[in-house]
Amino acid sequence: MTKVSSSWKLNFNDSPLDDFIHKNVQDEFIDQLFPYGLTCTPQASSPMLLKVQLNHFSGGGAAVALSMSHKFADGATIANFINHWATVARCGSPINPCFISSSKTDNTRLPDFIVNDLDKGNYVTRRFVFPNSKLQELKNKVIAMGSAPVNPTRVEVVTSLLFKHAVSAATTSSGSLKPSNLTITVNMRNKFVEMYPETAAGNLSMYGVAKMDNSGRIKLGEVIARIRKAKMELEGIKDEQELVQKFANAISNLQGDLYYITSVCRVPFYQVDFGWGKPVEVRVRFPNVSKNVIVLMDTASGDGIMAHVQLPEEEMVILEKDKEFLTYVKDN
């Protein structure tokens, strides 16, 4: 039986909870909520797979900060894990995870660049909230352009918007145009030939690559079409080895910058209830080793999408002043 290495910590914080909820900047201030200030362990050799810290605030309120290794968990697994834990804490009847056995004895090797791309840099993270009303405006605009696939989703239109304006910020910052491509995280549970249930535990996600022909003239409808094409290319994959090989082939000839966008919209993070009530805010914290990373999730009320965006600092300054981009962002 394999023992999972984990760490638990209790923390009493002198700051009120509102200071953390209303603070847009993610820095050491937010890191106080995580065990030992660590939000993830990107090193492949790290033995720690799970860290949890329970925080109590002056004036009331609590926050549970969880850092789980991507070696064995994707967003769906993390959400299922914490919901299962919370249900047990309430003496409820949780939905048990499905553990999938494999006939393979060798480890599937990911392309080296996934590990080597973790370079230390001066990156910053900001949150942008896109109300559903603004997303509908954007959707109507994309449809009117005539180049978008039928019925683009909220996630597709906001993904295309973020990609276009992040690339524009990078171009303005560097003074030159570099090739840029988009990678999207795809839940593979219903993509394999042998489909897995949504309760299947593990890191069962993979990147789909949306290649852009011309980074200088990015059209939102074209980005959406490339996103759908990338997802379709992952249909009917036989096993994990074929999946990794397909991804390695897709990125082997890519040049320039890669932008990683993950959506956990509809993933039930806001359903977590330890008996204190459901969360008023769910935050994502990136390690300061990743650039061009964006995570999309529903707002607490379900009336929009919140984007956690991490970019080089100079590019973020430009994005935050981009009037066209800010047209669709809720005022703080």
# chains A, B, ... in the order shown; residues from 1 in each chain; ligands from 1
call {"tool": "residues_around", "arguments": {"residues": "range 221-223 of chain A", "least_positions_apart": "3", "cutoff": "6 Å", "atoms": "only C-alpha atoms", "output": "JSON, numbers by chain"}}
result
{"A": [142, 147, 148, 160, 226]}
call {"tool": "write_last_selection", "arguments": {"atoms": "N, CA and C atoms", "output": "PDB file, in the first residue's frame"}}
result
ATOM      1  N   VAL A 142     -18.884  38.492 -31.576  1.00  0.00           N
ATOM      2  CA  VAL A 142     -18.152  37.439 -32.275  1.00  0.00           C
ATOM      3  C   VAL A 142     -19.025  36.809 -33.357  1.00  0.00           C
ATOM      4  N   SER A 147     -17.191  34.689 -38.453  1.00  0.00           N
ATOM      5  CA  SER A 147     -16.140  33.676 -38.592  1.00  0.00           C
ATOM      6  C   SER A 147     -16.145  32.649 -37.468  1.00  0.00           C
ATOM      7  N   ALA A 148     -17.061  32.817 -36.505  1.00  0.00           N
ATOM      8  CA  ALA A 148     -17.073  31.928 -35.341  1.00  0.00           C
ATOM      9  C   ALA A 148     -17.902  30.681 -35.611  1.00  0.00           C
ATOM     10  N   SER A 160     -10.856  33.426 -25.907  1.00  0.00           N
ATOM     11  CA  SER A 160     -10.336  34.100 -27.102  1.00  0.00           C
ATOM     12  C   SER A 160      -9.985  35.551 -26.804  1.00  0.00           C
ATOM     13  N   ARG A 226     -10.221  27.273 -33.659  1.00  0.00           N
ATOM     14  CA  ARG A 226      -9.013  26.484 -33.388  1.00  0.00           C
ATOM     15  C   ARG A 226      -9.139  25.724 -32.063  1.00  0.00           C
TER      16      ARG A 226
END
call {"tool": "residues_around", "arguments": {"residues": "Asp74 in chain A", "least_positions_apart": "5", "cutoff": "8 Å", "atoms": "only C-alpha atoms", "output": "ChimeraX atom specification"}}
result
/A:202-205
call {"tool": "residues_around", "arguments": {"residues": "range 269-276 of chain A", "least_positions_apart": "5", "cutoff": "7 Å", "atoms": "only C-alpha atoms", "output": "PDB file with N, CA and C atoms, in the first residue's frame"}}
result
ATOM      1  N   ALA A  79     -11.468  19.117  -6.722  1.00  0.00           N
ATOM      2  CA  ALA A  79     -12.823  19.496  -6.308  1.00  0.00           C
ATOM      3  C   ALA A  79     -13.559  18.309  -5.700  1.00  0.00           C
ATOM      4  N   ILE A  82     -12.061  17.595  -2.105  1.00  0.00           N
ATOM      5  CA  ILE A  82     -12.427  18.509  -1.024  1.00  0.00           C
ATOM      6  C   ILE A  82     -13.925  18.441  -0.728  1.00  0.00           C
ATOM      7  N   ASN A  83     -14.753  18.172  -1.749  1.00  0.00           N
ATOM      8  CA  ASN A  83     -16.185  17.981  -1.500  1.00  0.00           C
ATOM      9  C   ASN A  83     -16.439  16.698  -0.713  1.00  0.00           C
ATOM     10  N   ALA A  86     -15.401  17.414   2.870  1.00  0.00           N
ATOM     11  CA  ALA A  86     -16.371  18.277   3.544  1.00  0.00           C
ATOM     12  C   ALA A  86     -17.648  17.511   3.885  1.00  0.00           C
ATOM     13  N   THR A  87     -18.079  16.633   2.994  1.00  0.00           N
ATOM     14  CA  THR A  87     -19.288  15.849   3.251  1.00  0.00           C
ATOM     15  C   THR A  87     -19.091  14.913   4.438  1.00  0.00           C
ATOM     16  N   ALA A  89     -17.041  15.464   6.881  1.00  0.00           N
ATOM     17  CA  ALA A  89     -16.985  16.323   8.065  1.00  0.00           C
ATOM     18  C   ALA A  89     -18.384  16.669   8.566  1.00  0.00           C
ATOM     19  N   ARG A  90     -19.364  16.702   7.662  1.00  0.00           N
ATOM     20  CA  ARG A  90     -20.752  16.985   8.048  1.00  0.00           C
ATOM     21  C   ARG A  90     -21.506  15.707   8.389  1.00  0.00           C
ATOM     22  N   ALA A 300     -18.902  33.318  -7.489  1.00  0.00           N
ATOM     23  CA  ALA A 300     -19.654  32.654  -6.420  1.00  0.00           C
ATOM     24  C   ALA A 300     -21.153  32.653  -6.697  1.00  0.00           C
TER      25      ALA A 300
END
call {"tool": "select_by_dssp", "arguments": {"residues": "range 177-302 of chain A", "states": "strand (DSSP E)", "output": "ChimeraX atom specification"}}
result
/A:180-187,205-210,257-263,293-298
call {"tool": "write_last_selection", "arguments": {"atoms": "N, CA and C atoms", "output": "short mmCIF file (atom, residue, chain, number, x, y, z; two decimals), in the first residue's frame"}}
result
data_model
loop_
_atom_site.label_atom_id
_atom_site.label_comp_id
_atom_site.auth_asym_id
_atom_site.auth_seq_id
_atom_site.Cartn_x
_atom_site.Cartn_y
_atom_site.Cartn_z
N SER A 180 2.69 33.15 -31.33
CA SER A 180 2.04 32.80 -30.07
C SER A 180 0.98 31.74 -30.33
N ASN A 181 0.93 30.75 -29.45
CA ASN A 181 -0.04 29.67 -29.58
C ASN A 181 -0.74 29.46 -28.25
N LEU A 182 -1.92 28.89 -28.34
CA LEU A 182 -2.78 28.72 -27.18
C LEU A 182 -2.90 27.24 -26.84
N THR A 183 -2.70 26.91 -25.57
CA THR A 183 -2.97 25.54 -25.12
C THR A 183 -4.12 25.59 -24.14
N ILE A 184 -5.06 24.70 -24.32
CA ILE A 184 -6.23 24.63 -23.46
C ILE A 184 -6.24 23.29 -22.75
N THR A 185 -6.65 23.29 -21.50
CA THR A 185 -6.73 22.05 -20.74
C THR A 185 -8.04 21.35 -21.05
N VAL A 186 -7.95 20.08 -21.40
CA VAL A 186 -9.13 19.30 -21.78
C VAL A 186 -9.30 18.14 -20.80
N ASN A 187 -10.49 18.04 -20.22
CA ASN A 187 -10.84 16.90 -19.36
C ASN A 187 -10.99 15.67 -20.25
N SER A 205 -6.35 15.06 -17.32
CA SER A 205 -6.48 16.18 -18.24
C SER A 205 -5.24 16.26 -19.11
N MET A 206 -5.40 16.88 -20.25
CA MET A 206 -4.28 17.07 -21.16
C MET A 206 -4.48 18.36 -21.92
N TYR A 207 -3.39 18.90 -22.45
CA TYR A 207 -3.46 20.12 -23.22
C TYR A 207 -3.86 19.83 -24.67
N GLY A 208 -4.80 20.64 -25.17
CA GLY A 208 -5.04 20.69 -26.59
C GLY A 208 -4.35 21.93 -27.12
N VAL A 209 -3.77 21.85 -28.29
CA VAL A 209 -2.97 22.95 -28.83
C VAL A 209 -3.72 23.62 -29.97
N ALA A 210 -4.03 24.90 -29.79
CA ALA A 210 -4.68 25.70 -30.83
C ALA A 210 -3.60 26.55 -31.50
N ASP A 257 5.78 32.02 -28.00
CA ASP A 257 5.20 31.90 -26.66
C ASP A 257 4.00 30.96 -26.65
N LEU A 258 3.85 30.28 -25.52
CA LEU A 258 2.67 29.45 -25.28
C LEU A 258 1.85 30.08 -24.16
N TYR A 259 0.54 30.10 -24.35
CA TYR A 259 -0.38 30.59 -23.33
C TYR A 259 -1.24 29.42 -22.88
N TYR A 260 -1.24 29.18 -21.56
CA TYR A 260 -1.96 28.04 -20.99
C TYR A 260 -3.25 28.55 -20.35
N ILE A 261 -4.38 28.07 -20.84
CA ILE A 261 -5.67 28.49 -20.28
C ILE A 261 -6.45 27.26 -19.84
N THR A 262 -6.85 27.28 -18.59
CA THR A 262 -7.62 26.19 -18.00
C THR A 262 -8.96 26.71 -17.51
N SER A 263 -10.02 26.00 -17.79
CA SER A 263 -11.34 26.36 -17.27
C SER A 263 -11.80 25.32 -16.27
N VAL A 293 -0.21 32.06 -17.77
CA VAL A 293 -1.14 31.05 -17.26
C VAL A 293 -2.43 31.73 -16.85
N ILE A 294 -3.55 31.16 -17.28
CA ILE A 294 -4.87 31.73 -16.96
C ILE A 294 -5.79 30.60 -16.51
N VAL A 295 -6.48 30.81 -15.40
CA VAL A 295 -7.48 29.86 -14.92
C VAL A 295 -8.83 30.56 -14.85
N LEU A 296 -9.83 29.96 -15.46
CA LEU A 296 -11.19 30.50 -15.47
C LEU A 296 -12.06 29.70 -14.51
N MET A 297 -12.87 30.41 -13.73
CA MET A 297 -13.82 29.73 -12.85
C MET A 297 -15.06 30.59 -12.69
N ASP A 298 -16.16 29.95 -12.32
CA ASP A 298 -17.39 30.69 -12.11
C ASP A 298 -17.24 31.62 -10.92
#
call {"tool": "residues_around", "arguments": {"residues": "Gly59 in chain A", "least_positions_apart": "5", "cutoff": "10 Å", "atoms": "only C-alpha atoms", "output": "list in words"}}
result
Asp14, Ser15, Pro16, Leu17 and Asp18 of chain A
call {"tool": "closest_residue", "arguments": {"among": "A:Val129, A:Ile318, A:Ala166, A:Ile305", "to": "Thr153 in chain A", "atoms": "only C-alpha atoms"}}
result
A:Ile305
call {"tool": "closest_residue", "arguments": {"among": "A:Ser69, A:Ser174, A:Thr327, A:Asn292", "to": "Lys134 in chain A", "atoms": "only C-alpha atoms"}}
result
A:Thr327
call {"tool": "select_by_dssp", "arguments": {"residues": "range 251-320 of chain A", "states": "helix (DSSP H, G or I)", "output": "CSV table (one decimal) with N, CA and C atoms, in the first residue's frame"}}
result
chain,number,residue,atom,x,y,z
A,251,ILE,N,3.3,19.9,-30.1
A,251,ILE,CA,4.1,21.0,-29.7
A,251,ILE,C,5.5,21.0,-30.2
A,269,PHE,N,-16.5,23.8,-6.9
A,269,PHE,CA,-15.7,24.3,-5.8
A,269,PHE,C,-16.6,25.1,-4.8
A,270,TYR,N,-17.6,25.8,-5.4
A,270,TYR,CA,-18.5,26.6,-4.5
A,270,TYR,C,-19.6,25.7,-3.8
A,271,GLN,N,-19.6,24.4,-4.0
A,271,GLN,CA,-20.5,23.5,-3.3
A,271,GLN,C,-19.9,23.0,-2.0
A,313,GLU,N,5.3,41.0,-15.3
A,313,GLU,CA,4.7,42.2,-14.7
A,313,GLU,C,4.5,43.4,-15.7
A,314,GLU,N,5.5,43.6,-16.6
A,314,GLU,CA,5.4,44.7,-17.5
A,314,GLU,C,4.2,44.5,-18.5
A,315,GLU,N,3.9,43.2,-18.8
A,315,GLU,CA,2.8,42.9,-19.7
A,315,GLU,C,1.5,43.1,-19.0
A,316,MET,N,1.4,42.8,-17.7
A,316,MET,CA,0.2,42.9,-16.9
A,316,MET,C,-0.2,44.4,-16.8
A,317,VAL,N,0.8,45.3,-16.7
A,317,VAL,CA,0.6,46.7,-16.6
A,317,VAL,C,-0.1,47.2,-17.8
A,318,ILE,N,0.3,46.7,-19.0
A,318,ILE,CA,-0.3,47.1,-20.3
A,318,ILE,C,-1.7,46.5,-20.4
A,319,LEU,N,-1.9,45.3,-20.0
A,319,LEU,CA,-3.2,44.7,-20.0
A,319,LEU,C,-4.2,45.4,-19.2
call {"tool": "closest_residue", "arguments": {"among": "A:Pro268, A:Pro152, A:Pro279, A:Pro197", "to": "Leu138 in chain A", "atoms": "only C-alpha atoms"}}
result
A:Pro152
call {"tool": "closest_residue", "arguments": {"among": "A:Asn122, A:Ser176, A:Thr171, A:Thr77", "to": "Gln310 in chain A", "atoms": "only C-alpha atoms"}}
result
A:Asn122
call {"tool": "atom_distance", "arguments": {"atom1": "CA of Lys231 in chain A", "atom2": "CA of Leu66 in chain A"}}
result
29.3 Å
call {"tool": "residues_around", "arguments": {"residues": "Met188 in chain A", "least_positions_apart": "3", "cutoff": "9 Å", "atoms": "only C-alpha atoms", "output": "PyMOL selection string"}}
result
chain A and resi 191-192+195-196+204-206+234-235+237
